[in-house]
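Undergrad: Below you'll find the structure I mean.
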Amino acid sequence: MSFFESLLVLALASILLLQVSRRLSIPYPAMLATAGVVLALIPGTPSISLDPHIALALFIAPALVDAAYDFPVGAVWRLWRPLVALAVVAVLLTAGAVAWVGVAVAGLPFYAALALGAIVAPPDAAAATAVLGSVNMPRRSVAILKGESLLNDALALLLFSAATSVQSRGGIDGNMALKLGLAAPGGILLGLVLAWCSRRIQRYVSGTLGGNLLEFLTTFGVWIIAERIGLSPVLCLVAFAMSVARSAGLQTPPRVRVHSFAVWETVVFLLNVLAFLLMGMQARTIIGGMAPERLYQAAGFAGIVTLCVILVRLAWVLIYNRLAHRFVALRGEFKPASLKHGFLVGWCGMRGLITMATAFALPGDFPQRDLIVLTAFAVVLATLVVQGLTLAPLVRLLRLDGEEGAQRELDAARAELIDAGIGALEGKTGEAADYWRYSFTTMRAAVAPPHDKRPLKERRKLGLLAVREQRKRLEQLRNRHAVDADAFLVLQEELDFHELAISTEDERHIEES
């Protein structure tokens, strides 16, 4: 079977597994990673290896840009305290604890144990986004977890670079220390510069299919440039995406934004699906090269590291939660988070592709490389399956699902937007002004207390009925050749946008699986 045929089979298997995960309410990363392990252990299954550098650029870069684009800079400033606690302190504590376990239990050299700690310390952006999207969690907790997943990889990769440089150079000299010190600020600065350049170029291709392709090429290019010159590609991409998003809001035409968002959502989802399935399929490469007695010892060590990773994060988050509850300086303007929130955030530590890709990036002569790679794989699989599968039941058990008044926030924001629209019509007369004034007034009554939604529901009901009749008439026009194919598509798109405009949020939502 050729590589292309194998890829098609994997894609088909992924689609079937996604339907199973949707019906069983299982986060699809856990389902796909487990299925990948099962497929890898079946004799005759094609072996597909992952090149670590290609895997990071192909799978991590688009996921980072997609998540960072939707995460505003203002949220980083507002949430900087918990983000520092998770993206910096939690990573350092986890890496340090795992390094101690590696030295004490497995007898690893300190730099090798630190490399292992850096590999397994950061939760994964793709895993977090995929799992959190399938669970109804408190929105502030989701924002903190998504922000953490954008930033924590940078510190972990710097620790990994320091550890591997000790192995290759015998220590960290002045040049290496300077390079590591400049990696983070240099990556951010480079991201801002490249975003400025991208905005100047995108204006010439905006609204074209070539413009969509350029967005992906730019994403991969930013990662590769930062990596080649020794800067943090993670922080470079995050700064790049946030900077582009901040200036794109009012400048991007709606049609371009709708199309671009649809393309990105589909491509990133496809890459996530393939990444988690391929990640599980690395089991044959990892396990196949180890003797049975070595495998038994390595499995025991991997179990200890997995427990260490989960417990250290959980303990630190709970400690920070209590400290922030007591000291205002640690929580800022926010109300104190409950212990239940702290436990939930501490439990959300799913590792993913960046852990696997970093483990595979270890040099071939690295001390006990097979043990480190197996341990990284075990941590990824255990956190995806155990934490991923138990996250939704935990949210319900803690009674945190659907809290914090998301609907109230939406209604309040809609009311302000409607008031802005009504204000723009002040002094305007005529049938068109009356039409829009009545439309805004109807929506205003639906979102403002006492929430009279009956006129809006009736408007939607009649509007959808009218659109359905228009669709039937359009089909009749095409059947009797009154409109050609191009005209039919234009009119059909107009009806689609009209129907979307009067549909509810649930009706517009597209499920991931």
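Ligands are numbered from 1 in the order shown, chains are lettered A, B, ... in the order of the structure tokens, and residues start at 1 in each chain.
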Neighbouring residues of Val447 in chain A were defined as those with any atom within 12 Å, considering only C-alpha atoms; residues of the same chain fewer than 5 positions away were excluded. Please report them as a ChimeraX atom specification.

TA: /A:407-419,440-442,452-456

Undergrad: Just N, CA and C atoms for this one: save the residues we selected as an mmCIF file, in the first residue's frame.

TA:
data_model
loop_
_atom_site.group_PDB
_atom_site.id
_atom_site.type_symbol
_atom_site.label_atom_id
_atom_site.label_comp_id
_atom_site.auth_asym_id
_atom_site.auth_seq_id
_atom_site.Cartn_x
_atom_site.Cartn_y
_atom_site.Cartn_z
ATOM 1 N N GLN A 407 -25.077 33.390 28.539
ATOM 2 C CA GLN A 407 -26.199 33.952 27.809
ATOM 3 C C GLN A 407 -26.447 35.403 28.209
ATOM 4 N N ARG A 408 -26.281 35.718 29.494
ATOM 5 C CA ARG A 408 -26.464 37.097 29.936
ATOM 6 C C ARG A 408 -25.451 38.024 29.272
ATOM 7 N N GLU A 409 -24.211 37.542 29.162
ATOM 8 C CA GLU A 409 -23.180 38.362 28.517
ATOM 9 C C GLU A 409 -23.499 38.590 27.050
ATOM 10 N N LEU A 410 -23.969 37.528 26.378
ATOM 11 C CA LEU A 410 -24.339 37.667 24.977
ATOM 12 C C LEU A 410 -25.488 38.652 24.816
ATOM 13 N N ASP A 411 -26.502 38.526 25.660
ATOM 14 C CA ASP A 411 -27.658 39.418 25.560
ATOM 15 C C ASP A 411 -27.261 40.866 25.810
ATOM 16 N N ALA A 412 -26.407 41.103 26.811
ATOM 17 C CA ALA A 412 -25.983 42.470 27.111
ATOM 18 C C ALA A 412 -25.205 43.077 25.946
ATOM 19 N N ALA A 413 -24.297 42.279 25.353
ATOM 20 C CA ALA A 413 -23.517 42.776 24.219
ATOM 21 C C ALA A 413 -24.413 43.022 23.011
ATOM 22 N N ARG A 414 -25.372 42.110 22.777
ATOM 23 C CA ARG A 414 -26.293 42.302 21.653
ATOM 24 C C ARG A 414 -27.129 43.558 21.838
ATOM 25 N N ALA A 415 -27.540 43.811 23.071
ATOM 26 C CA ALA A 415 -28.328 45.011 23.333
ATOM 27 C C ALA A 415 -27.536 46.267 22.984
ATOM 28 N N GLU A 416 -26.247 46.288 23.319
ATOM 29 C CA GLU A 416 -25.414 47.455 22.982
ATOM 30 C C GLU A 416 -25.247 47.601 21.476
ATOM 31 N N LEU A 417 -25.063 46.483 20.784
ATOM 32 C CA LEU A 417 -24.930 46.547 19.323
ATOM 33 C C LEU A 417 -26.215 47.038 18.682
ATOM 34 N N ILE A 418 -27.349 46.553 19.207
ATOM 35 C CA ILE A 418 -28.638 46.992 18.668
ATOM 36 C C ILE A 418 -28.843 48.480 18.913
ATOM 37 N N ASP A 419 -28.472 48.954 20.108
ATOM 38 C CA ASP A 419 -28.595 50.390 20.404
ATOM 39 C C ASP A 419 -27.734 51.215 19.451
ATOM 40 N N PHE A 440 -34.556 46.128 14.446
ATOM 41 C CA PHE A 440 -33.712 46.302 15.631
ATOM 42 C C PHE A 440 -34.561 46.324 16.911
ATOM 43 N N THR A 441 -35.711 46.951 16.850
ATOM 44 C CA THR A 441 -36.567 47.022 18.032
ATOM 45 C C THR A 441 -37.046 45.639 18.443
ATOM 46 N N THR A 442 -37.363 44.814 17.474
ATOM 47 C CA THR A 442 -37.787 43.439 17.767
ATOM 48 C C THR A 442 -36.673 42.659 18.448
ATOM 49 N N ASP A 452 -38.896 39.528 25.832
ATOM 50 C CA ASP A 452 -40.045 39.108 25.031
ATOM 51 C C ASP A 452 -39.532 38.583 23.699
ATOM 52 N N LYS A 453 -39.324 37.280 23.604
ATOM 53 C CA LYS A 453 -38.733 36.681 22.414
ATOM 54 C C LYS A 453 -39.785 36.262 21.390
ATOM 55 N N ARG A 454 -41.055 36.440 21.706
ATOM 56 C CA ARG A 454 -42.096 35.963 20.785
ATOM 57 C C ARG A 454 -42.043 36.649 19.417
ATOM 58 N N PRO A 455 -41.924 37.989 19.351
ATOM 59 C CA PRO A 455 -41.845 38.598 18.011
ATOM 60 C C PRO A 455 -40.635 38.120 17.213
ATOM 61 N N LEU A 456 -39.487 37.945 17.891
ATOM 62 C CA LEU A 456 -38.285 37.507 17.182
ATOM 63 C C LEU A 456 -38.460 36.068 16.681
#

Undergrad: So that I can check the surroundings of Ser439 in chain A, please list as a list in words every protein, DNA and RNA residue that reaches within 12 Å of it, counting only C-alpha atoms and ignoring chain neighbours fewer than 2 positions away.

TA: Ile418, Asp419, Gly421, Ile422, Leu425, Ala432, Ala433, Asp434, Tyr435, Trp436, Arg437, Thr441, Thr442, Met443, Arg444, Ala445, Ala446, Pro455, Leu456, Arg459, Arg460 and Ile502 of chain A

Undergrad: Extract, using only C-alpha atoms, all DNA, RNA and protein residues at most 12 Å from Leu371 in chain A, discarding same-chain residues fewer than 5 positions from it, and format them as a PyMOL selection string.

TA: chain A and resi 102+106-108+112-113+116+286-287+289-291+294-303+305+359-360+362+366+376-378

Undergrad: Can you pull out every residue within 7 Å of Trp223 in chain A, counting only C-alpha atoms, but drop anything in the same chain fewer than 6 positions away, and send it as a VMD selection string?

TA: chain A and resid 57 61 233 237

Undergrad: Could you write out the selected residues, including N, CA and C atoms, as an mmCIF file, in the first residue's frame?

TA:
data_model
loop_
_atom_site.group_PDB
_atom_site.id
_atom_site.type_symbol
_atom_site.label_atom_id
_atom_site.label_comp_id
_atom_site.auth_asym_id
_atom_site.auth_seq_id
_atom_site.Cartn_x
_atom_site.Cartn_y
_atom_site.Cartn_z
ATOM 1 N N ALA A 57 6.111 21.802 12.700
ATOM 2 C CA ALA A 57 5.707 22.853 11.770
ATOM 3 C C ALA A 57 4.343 22.562 11.151
ATOM 4 N N ALA A 61 2.077 24.446 14.302
ATOM 5 C CA ALA A 61 2.027 25.846 13.861
ATOM 6 C C ALA A 61 0.612 26.306 13.504
ATOM 7 N N PRO A 233 9.974 29.710 18.144
ATOM 8 C CA PRO A 233 8.928 29.717 17.111
ATOM 9 C C PRO A 233 7.534 29.801 17.710
ATOM 10 N N LEU A 237 5.072 32.842 16.654
ATOM 11 C CA LEU A 237 3.778 32.620 16.005
ATOM 12 C C LEU A 237 2.636 33.240 16.804
#

Undergrad: For a test of reading the model, state the distance in Å between CA of Pro138 in chain A and CA of Leu391 in chain A, rounded to one decimal.

TA: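 It comes out at 12.5 Å.
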
Undergrad: Residues near Phe216 in chain A, anyone? I mean within 12 Å using only C-alpha atoms, not counting same-chain ones fewer than 5 positions away, as JSON, numbers by chain.

TA: {"A": [57, 58, 59, 61, 62, 63, 64, 65, 66, 198, 209, 210, 211, 221, 222, 223, 241, 260, 263, 264, 267, 268]}

Undergrad: Would you pick out the contacts of Leu464 in chain A at 12 Å or less, using only C-alpha atoms, so that residues sharing its chain but fewer than 4 positions from it are not included, and give the list as a PyMOL selection string?

TA: chain A and resi 457-460+468-471+495-504+507

Undergrad: Find the spatial neighbours of Gly280 in chain A, counting only C-alpha atoms, within a cut-off of 10 Å - ignore same-chain residues fewer than 5 positions away - and output them as number ranges by chain.

TA: A: 29-40, 275, 353, 356, 377, 380-381

Undergrad: From a DSSP calculation on the backbone, collect every residue of range 200-376 of chain A in helix (DSSP H, G or I) and output the set as a count of residues only.

TA: 138

Undergrad: Interatomic distance between CA of Gly388 in chain A and CA of Tyr28 in chain A?

TA: 8.9 Å
